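S.K.: Structure file protein.cif (mmCIF, C-alpha atoms) right here:
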data_coords
#
loop_
_atom_site.label_atom_id
_atom_site.label_comp_id
_atom_site.auth_asym_id
_atom_site.auth_seq_id
_atom_site.Cartn_x
_atom_site.Cartn_y
_atom_site.Cartn_z
CA MET A 1386 109.55 159.09 21.61
CA LEU A 1387 107.07 157.72 19.05
CA ASP A 1388 105.28 155.96 21.90
CA ARG A 1389 104.70 159.40 23.40
CA VAL A 1390 103.40 160.67 20.04
CA LEU A 1391 101.01 157.73 19.74
CA SER A 1392 99.89 158.19 23.34
CA GLU A 1393 99.32 161.95 23.17
CA TYR A 1394 97.61 161.73 19.77
CA ARG A 1395 95.64 158.57 20.48
CA GLY A 1396 93.12 157.94 17.72
CA LYS A 1397 94.62 160.67 15.55
CA VAL A 1398 97.92 159.13 14.48
CA ARG A 1399 98.88 155.85 12.89
CA LEU A 1400 102.46 154.61 12.58
CA VAL A 1401 103.68 152.54 9.64
CA TYR A 1402 107.14 151.05 10.15
CA LYS A 1403 109.35 150.43 7.12
CA ASP A 1404 112.60 148.47 7.06
CA PHE A 1405 115.62 150.41 5.93
CA PRO A 1406 118.83 148.61 6.98
CA LEU A 1407 121.72 150.78 5.87
CA PRO A 1408 124.27 149.24 3.47
CA GLY A 1409 127.17 149.37 5.93
CA HIS A 1410 125.21 147.67 8.69
CA THR A 1411 125.82 144.05 7.75
CA LEU A 1412 123.93 142.57 10.70
CA ALA A 1413 120.92 144.84 10.33
CA ARG A 1414 119.31 143.10 7.38
CA PRO A 1415 118.90 139.72 9.10
CA ALA A 1416 117.64 141.57 12.17
CA HIS A 1417 114.92 143.20 10.06
CA GLU A 1418 114.04 139.82 8.55
CA ALA A 1419 113.93 138.30 12.04
CA ALA A 1420 111.53 140.98 13.23
CA ARG A 1421 109.17 140.11 10.39
CA CYS A 1422 109.47 136.43 11.34
CA ALA A 1423 108.47 137.46 14.87
CA GLY A 1424 105.57 139.35 13.32
CA ALA A 1425 104.42 136.18 11.63
CA ALA A 1426 104.28 134.70 15.14
CA GLY A 1427 102.26 137.69 16.39
CA LYS A 1428 105.13 139.35 18.25
CA TYR A 1429 106.43 141.99 15.87
CA TRP A 1430 106.51 145.00 18.19
CA GLU A 1431 107.88 143.04 21.15
CA TYR A 1432 110.73 141.78 19.00
CA HIS A 1433 111.22 145.21 17.45
CA ASP A 1434 111.67 146.75 20.92
CA ARG A 1435 114.00 143.94 21.94
CA LEU A 1436 116.24 144.59 18.91
CA PHE A 1437 116.61 148.26 19.79
CA GLN A 1438 117.50 147.32 23.36
CA ALA A 1439 120.03 144.74 22.15
CA GLN A 1440 121.90 146.85 19.58
CA PRO A 1441 124.29 145.88 18.05
CA ASN A 1442 124.11 142.20 19.02
CA PHE A 1443 122.45 140.74 15.94
CA GLU A 1444 124.30 137.53 15.24
CA ARG A 1445 122.08 134.59 14.30
CA ALA A 1446 122.32 133.07 17.78
CA ASP A 1447 121.26 136.41 19.29
CA LEU A 1448 118.25 136.67 16.98
CA LEU A 1449 117.16 133.14 17.87
CA ARG A 1450 117.61 133.81 21.59
CA TYR A 1451 115.49 136.98 21.50
CA ALA A 1452 112.72 134.99 19.83
CA SER A 1453 112.98 132.27 22.44
CA ASP A 1454 112.88 134.86 25.23
CA LEU A 1455 109.58 136.13 23.81
CA GLY A 1456 108.09 132.65 23.65
CA ILE A 1457 108.20 132.38 19.89
CA PRO A 1458 108.39 128.72 18.79
CA ALA A 1459 112.03 128.07 17.92
CA GLU A 1460 111.83 125.80 14.91
CA PRO A 1461 109.44 127.76 12.69
CA PHE A 1462 111.26 130.97 13.62
CA ALA A 1463 114.63 129.50 12.62
CA GLN A 1464 113.15 128.17 9.39
CA CYS A 1465 111.71 131.58 8.63
CA LEU A 1466 115.00 133.35 9.30
CA ASP A 1467 117.29 130.83 7.61
CA GLY A 1468 114.97 130.43 4.65
CA GLY A 1469 114.84 134.15 4.01
CA ARG A 1470 111.05 134.14 4.04
CA PHE A 1471 110.87 137.94 4.33
CA ARG A 1472 114.05 138.86 2.47
CA GLY A 1473 112.10 140.13 -0.52
CA LEU A 1474 109.79 142.31 1.57
CA VAL A 1475 112.70 143.90 3.42
CA GLU A 1476 114.34 144.58 0.07
CA ALA A 1477 111.07 146.06 -1.20
CA ASP A 1478 111.02 148.51 1.74
CA ILE A 1479 114.60 149.51 0.96
CA GLN A 1480 113.76 150.16 -2.68
CA GLN A 1481 110.70 152.21 -1.72
CA GLY A 1482 112.81 154.26 0.68
CA ARG A 1483 115.38 154.93 -2.00
CA LEU A 1484 112.67 156.18 -4.32
CA LEU A 1485 111.69 158.63 -1.57
CA ASP A 1486 115.31 159.78 -1.22
CA VAL A 1487 115.77 158.09 2.14
CA THR A 1488 119.53 158.01 2.68
CA GLY A 1489 119.76 157.83 6.47
CA THR A 1490 117.68 156.68 9.40
CA PRO A 1491 115.41 157.31 11.04
CA MET A 1492 113.43 159.13 8.36
CA PHE A 1493 109.79 160.05 8.87
CA PHE A 1494 107.00 161.17 6.57
CA ILE A 1495 104.05 162.68 8.42
CA ASN A 1496 101.23 162.95 5.89
CA GLY A 1497 104.03 163.51 3.43
CA GLN A 1498 106.01 166.05 5.44
CA ARG A 1499 109.55 164.82 5.78
CA ILE A 1500 111.42 164.78 9.13
CA GLU A 1501 115.03 163.62 9.04
CA GLY A 1502 116.73 162.08 12.04
CA ALA A 1503 115.80 161.68 15.66
CA ALA A 1504 113.87 164.91 16.07
CA PRO A 1505 112.45 166.00 19.44
CA PHE A 1506 108.80 165.53 20.35
CA GLU A 1507 108.12 169.21 19.75
CA THR A 1508 109.09 168.84 16.09
CA PHE A 1509 106.64 165.99 15.63
CA LYS A 1510 103.98 167.90 17.53
CA ALA A 1511 104.30 170.91 15.25
CA VAL A 1512 104.02 168.83 12.08
CA ILE A 1513 101.17 166.68 13.40
CA ASP A 1514 99.20 169.70 14.61
CA GLU A 1515 99.59 171.28 11.18
CA ALA A 1516 98.52 168.04 9.49
CA LEU A 1517 95.44 167.84 11.73
CA ARG A 1518 94.50 171.43 10.82
CA ASN A 1519 94.80 170.53 7.14
CA VAL A 1520 92.52 167.49 7.31
CA ARG A 1521 89.70 169.20 9.22
CA MET B 62 115.80 171.04 -1.29
CA ALA B 63 113.58 169.21 -3.77
CA ALA B 64 112.89 166.55 -1.17
CA LEU B 65 111.05 169.07 0.97
CA THR B 66 108.51 169.61 -1.77
CA ARG B 67 107.57 165.96 -1.95
CA TRP B 68 104.36 164.73 -0.43
CA PHE B 69 102.37 161.57 0.07
CA SER B 70 98.79 161.39 -1.01
CA LEU B 71 97.07 160.96 2.35
CA ALA B 72 93.84 159.80 0.79
CA LEU B 73 95.53 157.07 -1.19
CA LEU B 74 97.75 155.96 1.65
CA GLY B 75 94.90 156.05 4.14
CA ALA B 76 92.69 154.00 1.87
CA ALA B 77 95.41 151.47 1.47
CA LEU B 78 96.04 151.27 5.20
CA SER B 79 92.40 150.67 5.93
CA GLY B 80 92.44 147.73 3.55
CA LEU B 81 96.04 146.80 4.33
CA ALA B 82 96.70 146.51 0.64
CA PRO B 83 99.60 147.87 -1.39
CA ALA B 84 99.29 151.60 -1.88
CA TRP B 85 100.49 154.33 -4.16
CA ALA B 86 102.13 157.23 -2.40
CA GLN B 87 102.21 160.15 -4.77
CA ILE B 88 105.17 162.48 -4.77
CA THR B 89 105.88 165.35 -7.06
CA GLU B 90 108.24 163.69 -9.50
CA THR B 91 106.99 160.12 -9.45
CA GLU B 92 104.79 157.64 -7.59
CA VAL B 93 106.13 155.15 -5.08
CA ARG B 94 104.22 151.98 -4.36
CA LEU B 95 104.28 151.25 -0.62
CA THR B 96 103.87 147.71 0.59
CA LEU B 97 102.41 147.47 4.09
CA ASP B 98 102.63 144.65 6.59
CA PRO B 99 99.69 144.81 9.03
CA ALA B 100 101.97 143.51 11.79
CA MET B 101 104.14 146.62 11.39
CA VAL B 102 101.38 149.18 11.89
CA LYS B 103 100.35 150.83 15.18
CA GLY B 104 97.51 153.18 16.02
CA SER B 105 93.93 153.77 15.02
CA PRO B 106 92.90 152.54 11.55
CA ASN B 107 90.86 155.73 11.19
CA ALA B 108 93.64 158.11 12.20
CA PRO B 109 93.81 161.18 9.96
CA VAL B 110 97.59 161.47 10.37
CA ILE B 111 99.91 158.74 9.15
CA ILE B 112 103.55 158.58 10.15
CA VAL B 113 105.71 156.46 7.87
CA GLU B 114 109.03 155.64 9.54
CA PHE B 115 112.02 154.23 7.68
CA SER B 116 114.41 152.84 10.26
CA ASP B 117 117.46 150.67 10.81
CA TYR B 118 117.94 148.40 13.82
CA GLN B 119 121.72 148.53 13.85
#
Give the structure from the file, written as structure tokens.
M.R.:
Amino acid sequence: MLDRVLSEYRGKVRLVYKDFPLPGHTLARPAHEAARCAGAAGKYWEYHDRLFQAQPNFERADLLRYASDLGIPAEPFAQCLDGGRFRGLVEADIQQGRLLDVTGTPMFFINGQRIEGAAPFETFKAVIDEALRNVR
Amino acid sequence: MAALTRWFSLALLGAALSGLAPAWAQITETEVRLTLDPAMVKGSPNAPVIIVEFSDYQ
């Protein structure tokens, strides 16, 4: 759905993705860290999409296999994941979300306007159109 | 419904995005410092509308 938003508002909208693995989702946090490791290899969005397709298979072996499938060098990726290279940054996103009262996902802020949950395109369109009117 | 009254400072966030540096997002009760990873951003750097998505893979 966000791909449609970015396509229909090309040049007018920028998306910033923030990690917010929920406390009960024990496999989500390493998945978020793995995505950042993929980002360090220049394949963040490919890996991101792969994780959503592969839900909820996020065991370590799965995360390594997805990286391999995308052509990410295995050893540095495993070192990144096992060493917790991005653990602190994922935790920082979680803390920032909590300060913004994020309690569930997905949660969106469009120029500050909050949208909770998987809203339809029309909801995003209404908020974006209003935001564009306000910045003109 | 207090959450509905909160807002980001577009100017501050936009400036931070353009430089890909940490930013201050201003909300009514407090300020939240947003860290941004350039690999996790999509769209035009000059876009007037910024969508911040908090999400969970699981």
S.K.: Separation of CA of Gln1440 in chain A and CA of Val1390 in chain A, in Å?
M.R.: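 CA of Gln1440 in chain A sits 23.1 Å away from CA of Val1390 in chain A.
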S.K.: Give the residues of chain B that lie within 6 Å of chain A; count all atoms listed in the file, and format the answer as JSON, numbers by chain.
M.R.: {"B": [68, 69, 71, 100, 101, 102, 103, 104, 105, 108, 109, 110, 111, 112, 113, 114, 115, 116, 117, 118, 119]}
S.K.: Could you check how far CA of Asp1447 in chain A sits from CA of Gly1468 in chain A, in Å to one decimal?
M.R.: 17.0 Å
S.K.: CA of Arg1472 in chain A and CA of Arg1450 in chain A are how many Å apart?
M.R.: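 Pair CA of Arg1472 in chain A / CA of Arg1450 in chain A returns 20.1 Å.
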S.K.: Out of A:Glu1431, A:Glu1507, A:Glu1515, A:Glu1476, which residue has the shortest atom-to-atom distance to Pro1408 in chain A when counting all atoms listed in the file?
M.R.: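 Of the candidates, the smallest distance to Pro1408 in chain A is held by A:Glu1476.
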S.K.: Quick one: what's the axis-aligned box for range 1477-1494 of chain A, all listed atoms, 8 Å on every side, centre and edges in Å to one decimal, as JSON?
M.R.:
{"center_x": 113.4, "center_y": 153.6, "center_z": 3.4, "size_x": 28.8, "size_y": 31.1, "size_z": 31.4}
S.K.: For a quick check of understanding, using all atoms listed in the file, which of A:Thr1508, A:Arg1518, A:Leu1466, A:Pro1458 has the smallest distance to Ala1446 in chain A?
M.R.: A:Leu1466
